[in-house]
>>> print(open('protein_16.cif').read())   # mmCIF, C-alpha atoms; chains and numbers go by the auth columns
data_work
loop_
_atom_site.group_PDB
_atom_site.id
_atom_site.type_symbol
_atom_site.label_atom_id
_atom_site.label_comp_id
_atom_site.label_asym_id
_atom_site.label_seq_id
_atom_site.Cartn_x
_atom_site.Cartn_y
_atom_site.Cartn_z
_atom_site.B_iso_or_equiv
_atom_site.auth_seq_id
_atom_site.auth_asym_id
ATOM 1 C CA MET A 1 13.336 9.884 -2.121 0.00 44 G
ATOM 2 C CA ALA A 2 11.698 6.967 -0.362 0.00 45 G
ATOM 3 C CA HIS A 3 11.588 3.188 -0.718 0.00 46 G
ATOM 4 C CA LEU A 4 7.980 2.128 -1.304 0.00 47 G
ATOM 5 C CA LEU A 5 6.360 -1.319 -1.288 0.00 48 G
ATOM 6 C CA ILE A 6 3.268 -2.011 -3.415 0.00 49 G
ATOM 7 C CA ILE A 7 1.166 -5.040 -2.432 0.00 50 G
ATOM 8 C CA ASP A 8 -1.517 -5.614 -5.080 0.00 51 G
ATOM 9 C CA ASP A 9 -2.689 -8.665 -7.009 0.00 52 G
ATOM 10 C CA ASP A 10 -3.722 -6.729 -10.138 0.00 53 G
ATOM 11 C CA ASP A 11 -1.025 -7.432 -12.741 0.00 54 G
ATOM 12 C CA LEU A 12 -2.039 -4.344 -14.751 0.00 55 G
ATOM 13 C CA PHE A 13 -2.499 -1.872 -11.903 0.00 56 G
ATOM 14 C CA ARG A 14 0.624 -2.781 -9.881 0.00 57 G
ATOM 15 C CA PRO A 15 3.186 -2.014 -12.659 0.00 58 G
ATOM 16 C CA MET A 16 1.299 1.169 -13.572 0.00 59 G
ATOM 17 C CA LEU A 17 1.463 2.376 -9.964 0.00 60 G
ATOM 18 C CA ARG A 18 5.133 1.364 -9.786 0.00 61 G
ATOM 19 C CA GLU A 19 5.900 3.415 -12.885 0.00 62 G
ATOM 20 C CA ASN A 20 4.099 6.474 -11.471 0.00 63 G
ATOM 21 C CA LEU A 21 5.977 6.189 -8.190 0.00 64 G
ATOM 22 C CA GLU A 22 9.333 5.732 -9.933 0.00 65 G
ATOM 23 C CA GLN A 23 8.639 8.804 -12.070 0.00 66 G
ATOM 24 C CA LEU A 24 8.215 10.689 -8.782 0.00 67 G
ATOM 25 C CA GLY A 25 11.741 9.540 -7.874 0.00 68 G
ATOM 26 C CA HIS A 26 10.967 6.696 -5.468 0.00 69 G
ATOM 27 C CA THR A 27 12.470 3.215 -5.323 0.00 70 G
ATOM 28 C CA VAL A 28 9.691 0.637 -5.561 0.00 71 G
ATOM 29 C CA THR A 29 9.356 -3.033 -4.617 0.00 72 G
ATOM 30 C CA GLU A 30 6.312 -5.063 -5.680 0.00 73 G
ATOM 31 C CA ALA A 31 4.402 -7.992 -4.185 0.00 74 G
ATOM 32 C CA SER A 32 1.375 -9.715 -5.706 0.00 75 G
ATOM 33 C CA ASN A 33 -0.356 -10.639 -2.424 0.00 76 G
ATOM 34 C CA GLY A 34 -0.177 -10.085 1.316 0.00 77 G
ATOM 35 C CA LYS A 35 1.904 -13.178 2.031 0.00 78 G
ATOM 36 C CA GLU A 36 4.538 -12.110 -0.487 0.00 79 G
ATOM 37 C CA GLY A 37 4.306 -8.508 0.741 0.00 80 G
ATOM 38 C CA LEU A 38 5.048 -9.515 4.343 0.00 81 G
ATOM 39 C CA ALA A 39 8.104 -11.466 3.196 0.00 82 G
ATOM 40 C CA ARG A 40 9.355 -8.556 1.055 0.00 83 G
ATOM 41 C CA TYR A 41 8.899 -6.081 3.912 0.00 84 G
ATOM 42 C CA ALA A 42 10.693 -8.392 6.366 0.00 85 G
ATOM 43 C CA SER A 43 13.710 -8.696 4.059 0.00 86 G
ATOM 44 C CA ALA A 44 13.825 -5.025 2.992 0.00 87 G
ATOM 45 C CA PRO A 45 11.636 -2.676 5.076 0.00 88 G
ATOM 46 C CA ALA A 46 10.058 0.125 3.063 0.00 89 G
ATOM 47 C CA ASP A 47 9.420 3.705 4.166 0.00 90 G
ATOM 48 C CA LEU A 48 5.802 3.380 3.050 0.00 91 G
ATOM 49 C CA VAL A 49 3.559 0.430 2.126 0.00 92 G
ATOM 50 C CA PHE A 50 0.666 0.597 -0.343 0.00 93 G
ATOM 51 C CA THR A 51 -1.655 -2.382 0.006 0.00 94 G
ATOM 52 C CA ASP A 52 -4.744 -3.422 -1.864 0.00 95 G
ATOM 53 C CA LEU A 53 -7.466 -4.904 0.329 0.00 96 G
ATOM 54 C CA ILE A 54 -8.993 -7.670 -1.805 0.00 97 G
ATOM 55 C CA MET A 55 -6.291 -10.209 -2.744 0.00 98 G
ATOM 56 C CA PRO A 56 -5.681 -13.970 -2.810 0.00 99 G
ATOM 57 C CA GLU A 57 -3.333 -15.746 -0.374 0.00 100 G
ATOM 58 C CA LYS A 58 -3.620 -13.055 2.317 0.00 101 G
ATOM 59 C CA GLU A 59 -6.063 -10.167 2.024 0.00 102 G
ATOM 60 C CA GLY A 60 -5.084 -6.586 2.755 0.00 103 G
ATOM 61 C CA ILE A 61 -6.877 -6.390 6.103 0.00 104 G
ATOM 62 C CA GLU A 62 -4.951 -9.450 7.353 0.00 105 G
ATOM 63 C CA THR A 63 -1.763 -7.990 5.920 0.00 106 G
ATOM 64 C CA ILE A 64 -2.290 -4.659 7.708 0.00 107 G
ATOM 65 C CA ILE A 65 -2.942 -6.427 11.014 0.00 108 G
ATOM 66 C CA GLU A 66 0.197 -8.547 10.690 0.00 109 G
ATOM 67 C CA LEU A 67 2.404 -5.652 9.549 0.00 110 G
ATOM 68 C CA ARG A 68 1.187 -3.512 12.482 0.00 111 G
ATOM 69 C CA LYS A 69 1.768 -6.341 14.964 0.00 112 G
ATOM 70 C CA LYS A 70 5.372 -6.897 13.825 0.00 113 G
ATOM 71 C CA TRP A 71 6.255 -3.275 12.986 0.00 114 G
ATOM 72 C CA PRO A 72 3.998 -0.908 14.997 0.00 115 G
ATOM 73 C CA ASP A 73 5.427 2.268 13.427 0.00 116 G
ATOM 74 C CA ILE A 74 4.948 1.136 9.825 0.00 117 G
ATOM 75 C CA LYS A 75 3.325 3.619 7.439 0.00 118 G
ATOM 76 C CA ILE A 76 0.506 2.069 5.405 0.00 119 G
ATOM 77 C CA ILE A 77 -1.759 3.403 2.668 0.00 120 G
ATOM 78 C CA ALA A 78 -4.709 1.106 1.930 0.00 121 G
ATOM 79 C CA MET A 79 -6.197 1.005 -1.570 0.00 122 G
ATOM 80 C CA SER A 80 -9.422 -0.559 -2.782 0.00 123 G
ATOM 81 C CA GLY A 81 -11.738 -0.604 -5.741 0.00 124 G
ATOM 82 C CA GLY A 82 -14.440 -2.330 -3.743 0.00 125 G
ATOM 83 C CA GLY A 83 -14.958 -6.000 -4.414 0.00 126 G
ATOM 84 C CA ARG A 84 -18.273 -7.359 -3.161 0.00 127 G
ATOM 85 C CA GLY A 85 -18.876 -4.329 -0.936 0.00 128 G
ATOM 86 C CA THR A 86 -18.088 -0.718 -1.507 0.00 129 G
ATOM 87 C CA ALA A 87 -14.539 0.581 -1.413 0.00 130 G
ATOM 88 C CA THR A 88 -15.550 3.023 1.337 0.00 131 G
ATOM 89 C CA ASN A 89 -16.484 0.198 3.740 0.00 132 G
ATOM 90 C CA TYR A 90 -13.246 -1.697 3.143 0.00 133 G
ATOM 91 C CA LEU A 91 -11.161 1.459 3.464 0.00 134 G
ATOM 92 C CA LYS A 92 -12.863 2.457 6.749 0.00 135 G
ATOM 93 C CA THR A 93 -12.053 -0.959 8.181 0.00 136 G
ATOM 94 C CA ALA A 94 -8.446 -0.676 6.987 0.00 137 G
ATOM 95 C CA GLN A 95 -8.134 2.707 8.668 0.00 138 G
ATOM 96 C CA GLN A 96 -9.521 1.354 11.936 0.00 139 G
ATOM 97 C CA LEU A 97 -6.923 -1.419 11.834 0.00 140 G
ATOM 98 C CA GLY A 98 -3.899 0.755 11.174 0.00 141 G
ATOM 99 C CA ALA A 99 -3.776 2.177 7.650 0.00 142 G
ATOM 100 C CA LYS A 100 -3.018 5.862 8.142 0.00 143 G
ATOM 101 C CA TYR A 101 -4.289 6.922 4.713 0.00 144 G
ATOM 102 C CA THR A 102 -6.673 5.415 2.173 0.00 145 G
ATOM 103 C CA LEU A 103 -7.173 5.719 -1.570 0.00 146 G
ATOM 104 C CA ALA A 104 -10.260 4.555 -3.469 0.00 147 G
ATOM 105 C CA LYS A 105 -9.397 3.128 -6.899 0.00 148 G
ATOM 106 C CA PRO A 106 -9.182 4.612 -9.390 0.00 149 G
ATOM 107 C CA PHE A 107 -7.309 7.580 -7.934 0.00 150 G
ATOM 108 C CA SER A 108 -5.564 10.480 -9.624 0.00 151 G
ATOM 109 C CA ASN A 109 -1.852 11.216 -9.654 0.00 152 G
ATOM 110 C CA ASP A 110 -2.601 14.305 -7.533 0.00 153 G
ATOM 111 C CA GLU A 111 -4.309 12.112 -4.927 0.00 154 G
ATOM 112 C CA LEU A 112 -1.304 9.768 -4.995 0.00 155 G
ATOM 113 C CA VAL A 113 1.165 12.603 -4.460 0.00 156 G
ATOM 114 C CA ALA A 114 -0.986 14.063 -1.666 0.00 157 G
ATOM 115 C CA ALA A 115 -1.090 10.667 0.072 0.00 158 G
ATOM 116 C CA ILE A 116 2.696 10.284 -0.088 0.00 159 G
ATOM 117 C CA ASN A 117 3.284 13.847 1.093 0.00 160 G
ATOM 118 C CA ASN A 118 0.854 13.255 3.970 0.00 161 G
ATOM 119 C CA MET A 119 2.656 10.076 5.044 0.00 162 G
ATOM 120 C CA LEU A 120 6.319 10.923 4.622 0.00 163 G
ATOM 121 C CA PRO A 121 8.387 13.772 6.012 0.00 164 G
ATOM 122 C CA ALA A 122 9.105 16.502 3.443 0.00 165 G
ATOM 123 C CA LYS A 123 12.753 15.422 3.038 0.00 166 G
ATOM 124 C CA GLU A 124 11.714 11.939 1.837 0.00 167 G
ATOM 125 C CA SER A 125 8.856 12.745 -0.559 0.00 168 G
#
>>> encode(input="protein_16.cif", output="structure tokens")
Amino acid sequence: MAHLLIIDDDDLFRPMLRENLEQLGHTVTEASNGKEGLARYASAPADLVFTDLIMPEKEGIETIIELRKKWPDIKIIAMSGGGRGTATNYLKTAQQLGAKYTLAKPFSNDELVAAINNMLPAKES
């Protein structure tokens, strides 16, 4: 299975997503904002990064840009529940800046599995 990094400031959502991913057999690292996520990725690169878009310290869009600049081949799934705008607008922007897949919160376990399978080679997922 794969090593996954979750970057999300929601202290209820992040552990729930971690648990779902671990039940699927993945190893998971967590970060509560983009700044922390960049540091975690630099010290232990993940096969796939999940990042929320609206966060303190460093928002997801900034995080995606910086991750892509430093690691051009990184695999990123952007997640958003919206914020002040709609989730669709934020997710479109994230995709234009380098997220290869997007998930609008809340998403189902089936959508989560489909996203992982879309992003990772069959041997890893």
>>> atom_distance(input="protein_16.cif", atom1="CA of Pro99 (chain G)", atom2="CA of Gly80 (chain G)")
11.9 Å
>>> residues_near_point(input="protein_16.cif", point="(2.2, -11.9, 12.1)", cutoff="12 Å", atoms="only C-alpha atoms", output="compact mmCIF listing (two decimals) with C-alpha atoms, in the frame of the given file")
# COMPACT_ATOMS: atom_id res chain seq x y z
CA GLY G 77 -0.18 -10.09 1.32
CA LYS G 78 1.90 -13.18 2.03
CA LEU G 81 5.05 -9.52 4.34
CA ALA G 82 8.10 -11.47 3.20
CA ALA G 85 10.69 -8.39 6.37
CA LYS G 101 -3.62 -13.06 2.32
CA GLU G 105 -4.95 -9.45 7.35
CA THR G 106 -1.76 -7.99 5.92
CA ILE G 107 -2.29 -4.66 7.71
CA ILE G 108 -2.94 -6.43 11.01
CA GLU G 109 0.20 -8.55 10.69
CA LEU G 110 2.40 -5.65 9.55
CA ARG G 111 1.19 -3.51 12.48
CA LYS G 112 1.77 -6.34 14.96
CA LYS G 113 5.37 -6.90 13.82
CA TRP G 114 6.26 -3.28 12.99
CA PRO G 115 4.00 -0.91 15.00
>>> closest_residue(input="protein_16.cif", among="G:Pro58, G:Gly103, G:Pro149, G:Pro164", to="Tyr133 (chain G)", atoms="all atoms listed in the file")
G:Gly103
>>> closest_residue(input="protein_16.cif", among="G:Lys118, G:Asn152, G:Asn161, G:Ile104", to="Lys135 (chain G)", atoms="all atoms listed in the file")
G:Ile104
>>> atom_distance(input="protein_16.cif", atom1="CA of Arg57 (chain G)", atom2="CA of Glu102 (chain G)")
15.5 Å
>>> residues_near_point(input="protein_16.cif", point="(3.5, -3.5, 0.2)", cutoff="12 Å", atoms="all atoms listed in the file", output="VMD selection string")
chain G and resid 46 to 52 57 60 to 61 71 to 85 87 to 96 102 to 103 106 to 107 110 117 to 122 142
>>> atom_distance(input="protein_16.cif", atom1="CA of Gln139 (chain G)", atom2="CA of Ile159 (chain G)")
19.3 Å
>>> axis_aligned_box(input="protein_16.cif", around="region 69-80 of chain G", padding_each_side="5 Å", output="lines of an AutoDock Vina configuration file")
center_x = 6.1
center_y = -3.2
center_z = -1.8
size_x = 22.8
size_y = 29.9
size_z = 17.7
>>> closest_residue(input="protein_16.cif", among="G:Lys143, G:Asp54, G:Ala157, G:Glu65", to="Asp116 (chain G)", atoms="only C-alpha atoms")
G:Lys143
>>> closest_residue(input="protein_16.cif", among="G:Ser123, G:Leu55, G:Ala45, G:Gln66", to="Phe150 (chain G)", atoms="all atoms listed in the file")
G:Ser123
>>> closest_residue(input="protein_16.cif", among="G:Leu140, G:Ala158, G:Glu100, G:Lys148", to="Leu64 (chain G)", atoms="only C-alpha atoms")
G:Ala158
>>> decode(input="protein_16.cif", residues="region 126-158 of chain G", atoms="N, CA, C and O atoms", output="tab-separated table (two decimals), in the first residue's frame")
chain	number	residue	atom	x	y	z
G	126	GLY	N	-15.94	27.26	2.01
G	126	GLY	CA	-15.46	28.50	2.60
G	126	GLY	C	-16.38	29.64	2.18
G	126	GLY	O	-17.59	29.47	2.12
G	127	ARG	N	-15.82	30.78	1.85
G	127	ARG	CA	-16.63	31.92	1.44
G	127	ARG	C	-17.21	31.76	0.04
G	127	ARG	O	-18.23	32.33	-0.27
G	128	GLY	N	-16.55	31.02	-0.81
G	128	GLY	CA	-17.06	30.75	-2.16
G	128	GLY	C	-17.60	29.34	-2.21
G	128	GLY	O	-17.83	28.71	-1.19
G	129	THR	N	-17.80	28.85	-3.39
G	129	THR	CA	-18.26	27.47	-3.50
G	129	THR	C	-17.06	26.54	-3.62
G	129	THR	O	-16.00	26.94	-4.11
G	130	ALA	N	-17.22	25.32	-3.20
G	130	ALA	CA	-16.15	24.34	-3.29
G	130	ALA	C	-15.71	24.17	-4.74
G	130	ALA	O	-14.52	24.03	-5.02
G	131	THR	N	-16.65	24.21	-5.66
G	131	THR	CA	-16.34	24.00	-7.08
G	131	THR	C	-15.32	25.02	-7.57
G	131	THR	O	-14.38	24.67	-8.28
G	132	ASN	N	-15.49	26.29	-7.21
G	132	ASN	CA	-14.55	27.33	-7.65
G	132	ASN	C	-13.15	27.09	-7.10
G	132	ASN	O	-12.17	27.20	-7.82
G	133	TYR	N	-13.06	26.78	-5.81
G	133	TYR	CA	-11.76	26.51	-5.21
G	133	TYR	C	-11.11	25.29	-5.84
G	133	TYR	O	-9.91	25.28	-6.12
G	134	LEU	N	-11.88	24.25	-6.06
G	134	LEU	CA	-11.34	23.02	-6.62
G	134	LEU	C	-10.88	23.21	-8.07
G	134	LEU	O	-9.86	22.64	-8.47
G	135	LYS	N	-11.60	24.02	-8.85
G	135	LYS	CA	-11.16	24.31	-10.22
G	135	LYS	C	-9.81	25.02	-10.21
G	135	LYS	O	-8.92	24.70	-10.99
G	136	THR	N	-9.67	25.98	-9.32
G	136	THR	CA	-8.40	26.70	-9.21
G	136	THR	C	-7.28	25.74	-8.81
G	136	THR	O	-6.18	25.78	-9.38
G	137	ALA	N	-7.55	24.88	-7.85
G	137	ALA	CA	-6.55	23.90	-7.41
G	137	ALA	C	-6.12	23.01	-8.56
G	137	ALA	O	-4.93	22.70	-8.72
G	138	GLN	N	-7.07	22.60	-9.38
G	138	GLN	CA	-6.75	21.74	-10.52
G	138	GLN	C	-5.89	22.49	-11.53
G	138	GLN	O	-4.94	21.93	-12.07
G	139	GLN	N	-6.20	23.74	-11.77
G	139	GLN	CA	-5.41	24.54	-12.70
G	139	GLN	C	-3.98	24.72	-12.22
G	139	GLN	O	-3.06	24.88	-13.02
G	140	LEU	N	-3.77	24.68	-10.91
G	140	LEU	CA	-2.45	24.90	-10.34
G	140	LEU	C	-1.69	23.62	-10.04
G	140	LEU	O	-0.57	23.67	-9.52
G	141	GLY	N	-2.28	22.46	-10.32
G	141	GLY	CA	-1.50	21.24	-10.18
G	141	GLY	C	-2.11	20.09	-9.42
G	141	GLY	O	-1.52	19.02	-9.37
G	142	ALA	N	-3.27	20.27	-8.81
G	142	ALA	CA	-3.93	19.11	-8.19
G	142	ALA	C	-4.47	18.25	-9.33
G	142	ALA	O	-5.14	18.75	-10.23
G	143	LYS	N	-4.18	16.99	-9.32
G	143	LYS	CA	-4.60	16.11	-10.41
G	143	LYS	C	-6.00	15.56	-10.22
G	143	LYS	O	-6.60	15.03	-11.14
G	144	TYR	N	-6.53	15.67	-9.01
G	144	TYR	CA	-7.85	15.13	-8.69
G	144	TYR	C	-8.44	16.01	-7.60
G	144	TYR	O	-7.69	16.54	-6.77
G	145	THR	N	-9.75	16.16	-7.58
G	145	THR	CA	-10.38	16.97	-6.55
G	145	THR	C	-11.56	16.23	-5.93
G	145	THR	O	-12.21	15.41	-6.59
G	146	LEU	N	-11.81	16.54	-4.67
G	146	LEU	CA	-12.94	15.98	-3.94
G	146	LEU	C	-13.66	17.09	-3.20
G	146	LEU	O	-13.04	17.84	-2.44
G	147	ALA	N	-14.97	17.22	-3.42
G	147	ALA	CA	-15.77	18.19	-2.69
G	147	ALA	C	-16.26	17.54	-1.40
G	147	ALA	O	-16.79	16.43	-1.42
G	148	LYS	N	-16.02	18.20	-0.26
G	148	LYS	CA	-16.47	17.69	1.03
G	148	LYS	C	-17.96	17.97	1.19
G	148	LYS	O	-18.41	19.05	0.81
G	149	PRO	N	-18.70	17.10	1.79
G	149	PRO	CA	-18.29	15.75	2.20
G	149	PRO	C	-18.27	14.82	0.99
G	149	PRO	O	-19.04	14.99	0.05
G	150	PHE	N	-17.39	13.84	1.03
G	150	PHE	CA	-17.32	12.86	-0.05
G	150	PHE	C	-17.48	11.46	0.53
G	150	PHE	O	-17.23	11.24	1.72
G	151	SER	N	-17.90	10.55	-0.31
G	151	SER	CA	-18.16	9.17	0.14
G	151	SER	C	-16.87	8.36	0.15
G	151	SER	O	-15.87	8.74	-0.48
G	152	ASN	N	-16.91	7.23	0.81
G	152	ASN	CA	-15.77	6.31	0.81
G	152	ASN	C	-15.50	5.81	-0.61
G	152	ASN	O	-14.35	5.64	-1.00
G	153	ASP	N	-16.56	5.59	-1.39
G	153	ASP	CA	-16.39	5.16	-2.78
G	153	ASP	C	-15.65	6.21	-3.59
G	153	ASP	O	-14.79	5.89	-4.41
G	154	GLU	N	-16.00	7.49	-3.37
G	154	GLU	CA	-15.30	8.57	-4.07
G	154	GLU	C	-13.83	8.63	-3.65
G	154	GLU	O	-12.95	8.87	-4.48
G	155	LEU	N	-13.57	8.39	-2.37
G	155	LEU	CA	-12.20	8.38	-1.86
G	155	LEU	C	-11.39	7.27	-2.51
G	155	LEU	O	-10.28	7.50	-3.00
G	156	VAL	N	-11.94	6.08	-2.54
G	156	VAL	CA	-11.25	4.94	-3.15
G	156	VAL	C	-11.02	5.19	-4.64
G	156	VAL	O	-9.93	4.92	-5.16
G	157	ALA	N	-12.01	5.73	-5.33
G	157	ALA	CA	-11.86	6.04	-6.76
G	157	ALA	C	-10.74	7.05	-6.99
G	157	ALA	O	-9.95	6.91	-7.93
G	158	ALA	N	-10.65	8.06	-6.12
G	158	ALA	CA	-9.60	9.07	-6.25
G	158	ALA	C	-8.22	8.44	-6.08
G	158	ALA	O	-7.31	8.70	-6.88
